[in-house]
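Everything below concerns the one structure shown next.
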Amino acid sequence: MSPTVKTTTMAQSKRVQELASQARHSVACRTDRLFVGLLAFQWVMAIALAVWVSPLAWAGTESRMHPHVWSAIWLGLAIISLPVFLGVFRPGRAFTRHIIAIGQMLSSTLLIHLSGGRIETHFHVFGSLAFLAIYRDWRVLLTATVVTAVDHVARGFIWPESIYGVAAGADWRWLEHAGWVVFIDVFLIYSCWLGDRDIVATATRQALIESAHEQVEEVVQERTAELRESEERFRGAFRHAAIGKALISPDGGFLRVNPALCGIVGYSEEELLARDFQGITHPDDLQADLDQLRRLAGGEIETYQMEKRYVHKAGHFVSILLSVSVVRNPAGIPLHYVAQVQDITKRKQAEELVVAASHRLAEQQMILRNVIDHIPCVVMWKDREGRFQGCNQMIADELGFASVDDIVGKTNAELMPDPEKAKHLERAEDEVMESGVARLNFEESIIKPDGTQTQILGSQVPLHNPQGEVIGVLIVTIDITERKRIEAELRRAHETAEAASRTKSEFLANMSHEIRTPMNGIIGLTDLVLETELTGEQRESLKMVGSSADALLTIINDILDFSKIEAGKLDIDPTPFPLRDTVGDTLKTLALKAHAKGLELACDIASDVPDWVVGDSGRLRQVLTNLIGNAVKFTASGEVVVRVEHAASEGGGERLRFGVRDTGIGIPKEKQATIFDAFTQADGSTTREYGGTGLGLTISSRLVELMGGRIWVESEPGKGSEFCFEASFERHESSQERLIPRPPVSLRGASVLVVDDNATNRKVLGETLRLWEAVPTCVDSGKAALAELRRAIDAGKPYKLVLLDAMMPEMDGFMVAEAIAKEPALAEAPIMMLTSADRQGDAARCRSLGLVAHLVKPIKSTELLRVITAALGNIPADSDATPVTKKTVTPGQPVEPAGHRVLRILLAEDNPVNQRVAVRMLEKMGHTIIVANHGGEALAAMSGDRFDIVLMDVQMPEMDGFEATRQIRENEAVTGRRTPVVAMTAHAMKGDRERCLAAGMDDYLSKPVRKEELAKILGDVAAAETPSVEPPDQAEASETPEEVFDYPAVLAQFDGDTDLFAEIVTLFLTDGAGLVEDIRKGLSSGNAGEVRRAAHSLKGTTGYLGGGSAEETAKRLELIAANGDLTAAPAVFGELEHQVRRLSKALAVHLPSSSIPATGTLAGAI
Amino acid sequence: MWIRSQWKAGLITVGWLGVVAGGFCFWEKYDRTPGVRQFEPGEEEEASPNRRLRIVFFAHPHCPCLRTTLGMLAEVMKKAPADVEMVVEYVRPTGVPEGWEKTDSWKQASALPGVTVHCDAGGVQARRLGATTSGHLMAFDATGKTIFSGGISTMRGRTGRSAGQQALEDLLAGRTPQTKETPVFGCPLFSSEDRLRENQEGVACPRQ
């Protein structure tokens, strides 16, 4: 017996005992309760018996309850009390049932006693034993028997007759009774044993049942667990299946769905369970699905699979592959359907794409076949052996075959009449197939079967299989016999056209040259004559000649520019340039015209616009001049405002927006689109009224386009126009540091009153002053100015400076100044007069009114700052400073000889007029001129003489300027000496300047030659050459002021205002040393920005004062500093110091001794 | 909890059995207590030469013990010879209606062979002969001499062999009984009122 079985048996045995014990206990309890009732019943019966037998005890007529009744009551109660108590409160215990047995038997004794020993009552003994046998405990029977035996023994002794119920007792009676008791005990005990055995048997069966039940339960639990696990697996597999799954009721409702299905149709699980599959099936697919489902339900098929479409919750259709099976009950009735849903939308789409691609491929193949067949080329492809695998019809036609099939399988040798050519081509094809490199655009000459020779252009391209192996070659050829012929013709035509173009260009150049040459004579001689003594009428006539010539020259320049535009030869020459100065200078050139018409000319440059940019300043000036000139021309009254600001830029450069706004006649809407076309003006009559070629805006438009921008106009007739253009410039390195003129400390926070009736001027001046950290207050009239001045005095905050416009309605600037002068309290603030018209006598009036400065608008910010600085820095508060004076230069006043020193100049010029003009100009400048009629003469002259400069005409007979310059440079390579050569030509076409410089020339002058330009170049040359001619100090010592600067010319720039000249010179002598020192400090600290700023300021100042050499040197230094590399700066600075010293010395000559500043200035250094 | 103690259980059992046994003892004492005897042997019946033996049995009509005594008497009387006169005198005390004495036992006694049943109205005979307890049997010889006086039951309501029964059988058999007097077990024939009235009326009333 295995331990497990033994353990099981022991456990079962124990369980049997437990169950038997429980059964016995149950029987005992039940029997206890039975005897409780039985004892009580017997008690009552005993009392009844006593009452029946002997109810009363009598004494004569008296009676009382018989003592037997009392005995039955009380003794009976005593007998049953303990058994009943135990039966009620302690049932099931052995003690209880033994007490009950005793009580029961005592009850028998009581009954026997009450009945007087009647034999019937003895049956109660047997009945009691029988009842006690219900306990199935033979020990209870023994107890009862013992009680009975004791009773009978005792009764036998005491009542021998009554105990056995007969009057006469006998000795055998006890044996009879004992025998009966034993008899019944034996059977009852046997029955008890049988009963207990039944209990045990029942318990055994119960235990077995329980054991079996437990085993069954275990099996059931195991099976349940397995079933649950299996169900969980099914649930998991169902829920987490990658494809959609659903259980569907026979009526189509969803019984269970998994998330994948929900994802496919877009419904949540709850939404889907509330629907049936019919509701989400595409209507077109529903009937087919229902048919299949009916067949499935009818048992015709076991499963079915179909592709159909669901309607997604979002409304679109989802293609699915549906697999359905059915689950039936044992009766074969369908319980539900099992559906598996696979989303095949992408596959269907892919299939559709494949089908579409197949269709397209077929179409493309068809098209390709058509292309191959109809392409005007021979197309063929061959295998690695050189056999034709396919071709188009053209080659079949050319070779004389009816079909391409006749060609397939053949080789070149079998088809071409020229065996050598066939081999040549096959070798080439083999080479292509071997190398895998295509042979493209080769030309061959072949002979057709009909004997004609043709030129073909072909390509041999290797054909690859998908594995990349070369499987053949594709040959495409085209008959280019005709094309070759046409090309030859075209080539000839092109050469002819180029020759014509060259002729045209040469004609244009010649025309330019031929026109400019006489124009040079006209303008030059007119200027020369105007500088002589003339009558008023003569001077007026000559001025008209000069202005006409200027107009003609402008027209010619426009036409030439337009020709360049048409020829595409107009280009941009980008160089760094100061934008503000350029715009300001441009305005100044037009200021006189504007002021002559009484127009306000203002310039508003946004503060964030850089000072320096890289671009073509000349072309920008040209566009601005054109637009501003037009604005002035077409504006009768009001203002012309130039505005510069940043435009939206996508690139890294600076994109600026320029606007020229006027208050002129305006341009009708319908004309605005055409005014930029050539030869177009807004109104045909405008040409007649205002003049002009109509090319200006066209040229400007093209120039703006070349500058990467665009131009447009916004205009309203009668109210004015605004021409705007945007242009792109490159950032100049120096623009990283804005070169806003440094405001003086005294200006910071200073209150300045701006008085101007023009709102634009007020705005510009106000913004400029704020930029310098001043606190401007702008008023638009003289009365308002006076009121404001008084208010400021009353407030204890008087104005530090007043900028006063001269031209104002009602109360002009001078009237305001007079009113201020009359009120001492107001007169403390320095007043600067700004005029729009440079009227004679204004300066005198300013001086008489004690004004500190007199400026002509438009005013550049640098200019304004300089003057303000002077006013605030040098003029004391009580202001007894010398006001600006003005002297008018007398027309026709002889001009002093120009130039810094007398130069020896070689003029190579073949045209007599030009010779004469140039000679006269140069002579008037005091130079020595040697004239050569052509390049050869020039070379000859230079071989025997030494010149400071050569002015070389480019176009000369015998030897032109280029050749002459080239030979000069060659000669100089031997001598080591270099003579500047300046081209002087009437050629103004694109590339002329570059050609001149490339030929070794140093500069370029365009005819007609302007005296100023000529003088500047000569000045530069003189300045550059001077150090090499003689030592500086020695040269300086021998220099006259006139050799350093052109006093009359400079004075002419100041309109003869010697006071203004003296003031500016004073400023220069005062500040110049500081600027030179700044440069020195900048160089020592390596601060290129400081060097550039100071050089720039010095350049401007020296430029004002005619210090050409100093200006040029300062400019060079500024450019060097702007580049950031100061390596070459010290040498240039030394030269600049020298130039400044020379200039200062020369300027000091023209100053009153009282005006020469003290030491610490340039004058002190003189 | 206390019941778990076998000692306590034993004590309770013993106590309970003691009470029961006491009850039976008390009962036994009652049953074994005879009635008060007031028999005067000098009082005799009149002589009756025709009868060898005359037996007078006094009974209370309602005495429950009488049923047992009559049963024993019936057994004895089965052997009675003809010359024996057996009279059962049912005492009807004064004050009760006539017929009060006609009970089941009257019928039972009447059914006995050779037995004559009389009503002793007012208990005259009983008083005369000195019988005070039901079940008192007196035997007179032909001379009227009392030859036996007493009860034939062993105790109240109990059957069984007794000295009185034996003496009666001896008398019937013509033998001289070994004992002439036995205790009588039964109900008193007269009440306390009867005795009081007897004293007032001068009627001799047996002492109890």
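Residues in the structure tokens are numbered from 1 in each chain, the chains being A, B, ... in the order shown, and ligands are numbered from 1 in the order shown.
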Could you make a table, as JSON lines, of the residues of chain B that have an atom within 7 Å of an atom of chain A, each with its nearest atom pair and distance in Å to one decimal, counting only C-alpha atoms, in chain and number order?
```
{"residue": "B:Val20", "atom": "CA", "partner": "A:Ile79", "partner_atom": "CA", "distance": 6.2}
{"residue": "B:Gly23", "atom": "CA", "partner": "A:Leu75", "partner_atom": "CA", "distance": 5.7}
{"residue": "B:Trp27", "atom": "CA", "partner": "A:Ser71", "partner_atom": "CA", "distance": 6.8}
{"residue": "B:His62", "atom": "CA", "partner": "A:Trp58", "partner_atom": "CA", "distance": 6.8}
{"residue": "B:Cys63", "atom": "CA", "partner": "A:Trp58", "partner_atom": "CA", "distance": 6.2}
{"residue": "B:Pro64", "atom": "CA", "partner": "A:Ser54", "partner_atom": "CA", "distance": 5.1}
{"residue": "B:Pro93", "atom": "CA", "partner": "A:Gly60", "partner_atom": "CA", "distance": 6.2}
{"residue": "B:Gly157", "atom": "CA", "partner": "A:Gly116", "partner_atom": "CA", "distance": 6.6}
{"residue": "B:Arg158", "atom": "CA", "partner": "A:Gly116", "partner_atom": "CA", "distance": 5.8}
{"residue": "B:Thr159", "atom": "CA", "partner": "A:Ala167", "partner_atom": "CA", "distance": 5.2}
{"residue": "B:Gly160", "atom": "CA", "partner": "A:Ala167", "partner_atom": "CA", "distance": 4.2}
{"residue": "B:Arg161", "atom": "CA", "partner": "A:Ala168", "partner_atom": "CA", "distance": 6.2}
{"residue": "B:Cys187", "atom": "CA", "partner": "A:Trp58", "partner_atom": "CA", "distance": 5.4}
{"residue": "B:Pro188", "atom": "CA", "partner": "A:Ala59", "partner_atom": "CA", "distance": 4.5}
{"residue": "B:Leu189", "atom": "CA", "partner": "A:Gly60", "partner_atom": "CA", "distance": 4.7}
{"residue": "B:Phe190", "atom": "CA", "partner": "A:Gly60", "partner_atom": "CA", "distance": 3.7}
{"residue": "B:Ser191", "atom": "CA", "partner": "A:Gly60", "partner_atom": "CA", "distance": 4.2}
```
**Item:** Residue list (alpha helix (DSSP H), DSSP) for segment 12-154 of chain B, as a ChimeraX atom specification
**Value:** /B:12-31,66-77,104-110,124-129
Just-selected residues, C-alpha atoms written as a short mmCIF file (atom, residue, chain, number, x, y, z; two decimals), in the first residue's frame:
```cif
data_model
loop_
_atom_site.label_atom_id
_atom_site.label_comp_id
_atom_site.auth_asym_id
_atom_site.auth_seq_id
_atom_site.Cartn_x
_atom_site.Cartn_y
_atom_site.Cartn_z
CA ILE B 12 -26.38 14.63 40.82
CA THR B 13 -27.32 11.12 39.80
CA VAL B 14 -27.06 9.86 43.31
CA GLY B 15 -29.01 12.80 44.63
CA TRP B 16 -31.67 12.33 42.03
CA LEU B 17 -31.90 8.60 42.74
CA GLY B 18 -32.00 9.37 46.44
CA VAL B 19 -34.94 11.68 45.96
CA VAL B 20 -36.74 9.05 43.90
CA ALA B 21 -35.92 6.35 46.42
CA GLY B 22 -37.10 8.64 49.22
CA GLY B 23 -40.32 9.17 47.35
CA PHE B 24 -40.88 5.45 47.02
CA CYS B 25 -40.05 4.96 50.70
CA PHE B 26 -42.50 7.63 51.73
CA TRP B 27 -45.10 6.02 49.53
CA GLU B 28 -44.29 2.60 50.97
CA LYS B 29 -44.64 3.92 54.45
CA TYR B 30 -48.12 5.19 53.65
CA ASP B 31 -49.13 1.96 52.05
CA LEU B 66 -61.44 -2.23 48.35
CA ARG B 67 -61.06 -3.37 44.77
CA THR B 68 -57.94 -5.33 45.63
CA THR B 69 -59.40 -6.74 48.83
CA LEU B 70 -62.60 -7.88 47.11
CA GLY B 71 -60.49 -9.57 44.47
CA MET B 72 -58.63 -11.49 47.12
CA LEU B 73 -61.91 -12.22 48.89
CA ALA B 74 -63.40 -13.53 45.69
CA GLU B 75 -60.52 -15.95 45.31
CA VAL B 76 -60.95 -17.13 48.85
CA MET B 77 -64.68 -17.41 48.63
CA ASP B 104 -68.68 -0.24 41.58
CA SER B 105 -67.32 -2.10 44.50
CA TRP B 106 -70.93 -2.74 45.67
CA LYS B 107 -71.58 -4.34 42.32
CA GLN B 108 -68.28 -6.21 42.54
CA ALA B 109 -69.13 -7.50 45.99
CA SER B 110 -72.68 -8.36 44.98
CA VAL B 124 -74.58 0.82 63.13
CA GLN B 125 -73.19 -2.64 62.63
CA ALA B 126 -69.71 -1.42 62.21
CA ARG B 127 -69.92 0.57 65.35
CA ARG B 128 -71.48 -2.35 67.10
CA LEU B 129 -68.78 -4.73 66.09
#
```
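Computed from the coordinates, the atom CA of Val913 of chain A to atom CA of Gly935 of chain A distance equals 17.5 Å.
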Selection: 12 Å around Arg483 of chain A, only C-alpha atoms, excl. self and same-chain fewer than 5 positions, as an mmCIF file with C-alpha atoms, in the first residue's frame:
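What ended up in result-v7.cif:
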```
data_model
loop_
_atom_site.group_PDB
_atom_site.id
_atom_site.type_symbol
_atom_site.label_atom_id
_atom_site.label_comp_id
_atom_site.auth_asym_id
_atom_site.auth_seq_id
_atom_site.Cartn_x
_atom_site.Cartn_y
_atom_site.Cartn_z
ATOM 1 C CA THR A 454 24.183 60.282 -94.878
ATOM 2 C CA GLN A 455 25.382 61.850 -91.678
ATOM 3 C CA ILE A 456 23.952 60.398 -88.532
ATOM 4 C CA LEU A 457 24.055 61.479 -84.928
ATOM 5 C CA ILE A 478 19.110 60.383 -86.289
ATOM 6 C CA ALA A 488 26.470 75.329 -91.787
ATOM 7 C CA GLU A 489 24.088 77.938 -93.078
ATOM 8 C CA LEU A 490 23.304 79.150 -89.592
ATOM 9 C CA ARG A 491 26.927 79.380 -88.725
#
```
In segment 108-146 of chain B, DSSP strand (DSSP E or B) residues written as a CSV table (one decimal) with N, CA and C atoms, in the first residue's frame:
```
chain,number,residue,atom,x,y,z
B,115,VAL,N,-72.1,-14.5,48.8
B,115,VAL,CA,-71.8,-13.2,49.5
B,115,VAL,C,-73.1,-12.4,49.6
B,116,THR,N,-73.4,-11.9,50.7
B,116,THR,CA,-74.6,-11.1,50.8
B,116,THR,C,-74.1,-9.7,51.1
B,117,VAL,N,-74.7,-8.8,50.4
B,117,VAL,CA,-74.3,-7.4,50.6
B,117,VAL,C,-75.4,-6.6,51.3
B,118,HIS,N,-75.0,-5.9,52.3
B,118,HIS,CA,-75.9,-5.1,53.1
B,118,HIS,C,-75.4,-3.7,53.2
B,119,CYS,N,-76.3,-2.9,53.4
B,119,CYS,CA,-75.9,-1.5,53.7
B,119,CYS,C,-76.0,-1.2,55.2
B,120,ASP,N,-74.9,-0.8,55.7
B,120,ASP,CA,-74.9,-0.6,57.1
B,120,ASP,C,-75.2,0.9,57.3
B,121,ALA,N,-76.5,1.2,57.2
B,121,ALA,CA,-76.8,2.6,57.3
B,121,ALA,C,-76.4,3.2,58.6
B,133,THR,N,-62.3,0.6,59.9
B,133,THR,CA,-61.5,0.7,58.7
B,133,THR,C,-62.1,-0.2,57.6
B,136,HIS,N,-62.2,-4.4,56.9
B,136,HIS,CA,-62.2,-5.1,58.2
B,136,HIS,C,-63.1,-6.4,58.1
B,137,LEU,N,-62.5,-7.5,58.3
B,137,LEU,CA,-63.3,-8.8,58.1
B,137,LEU,C,-63.3,-9.4,59.5
B,138,MET,N,-64.5,-9.9,59.8
B,138,MET,CA,-64.7,-10.6,61.1
B,138,MET,C,-65.4,-11.9,60.9
B,139,ALA,N,-64.9,-12.9,61.6
B,139,ALA,CA,-65.5,-14.2,61.4
B,139,ALA,C,-66.0,-14.6,62.8
B,140,PHE,N,-67.2,-15.1,62.7
B,140,PHE,CA,-67.9,-15.6,63.9
B,140,PHE,C,-68.3,-17.1,63.7
B,141,ASP,N,-68.1,-17.8,64.7
B,141,ASP,CA,-68.5,-19.2,64.6
B,141,ASP,C,-70.0,-19.3,64.9
B,146,THR,N,-66.4,-14.4,68.1
B,146,THR,CA,-65.5,-13.9,67.1
B,146,THR,C,-64.2,-14.8,67.1
```
**Separation of atom CA of Lys421 of chain A from atom CA of Leu463 of chain A, in Å and rounded to one decimal** =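 About the pair atom CA of Lys421 of chain A and atom CA of Leu463 of chain A: they are 22.5 Å apart.
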**Asked** Hey, can you check how far atom CA of Ile868 of chain A sits from atom CA of Val852 of chain A?
**Response**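 Computing the Euclidean distance for atom CA of Ile868 of chain A and atom CA of Val852 of chain A yields 9.1 Å.
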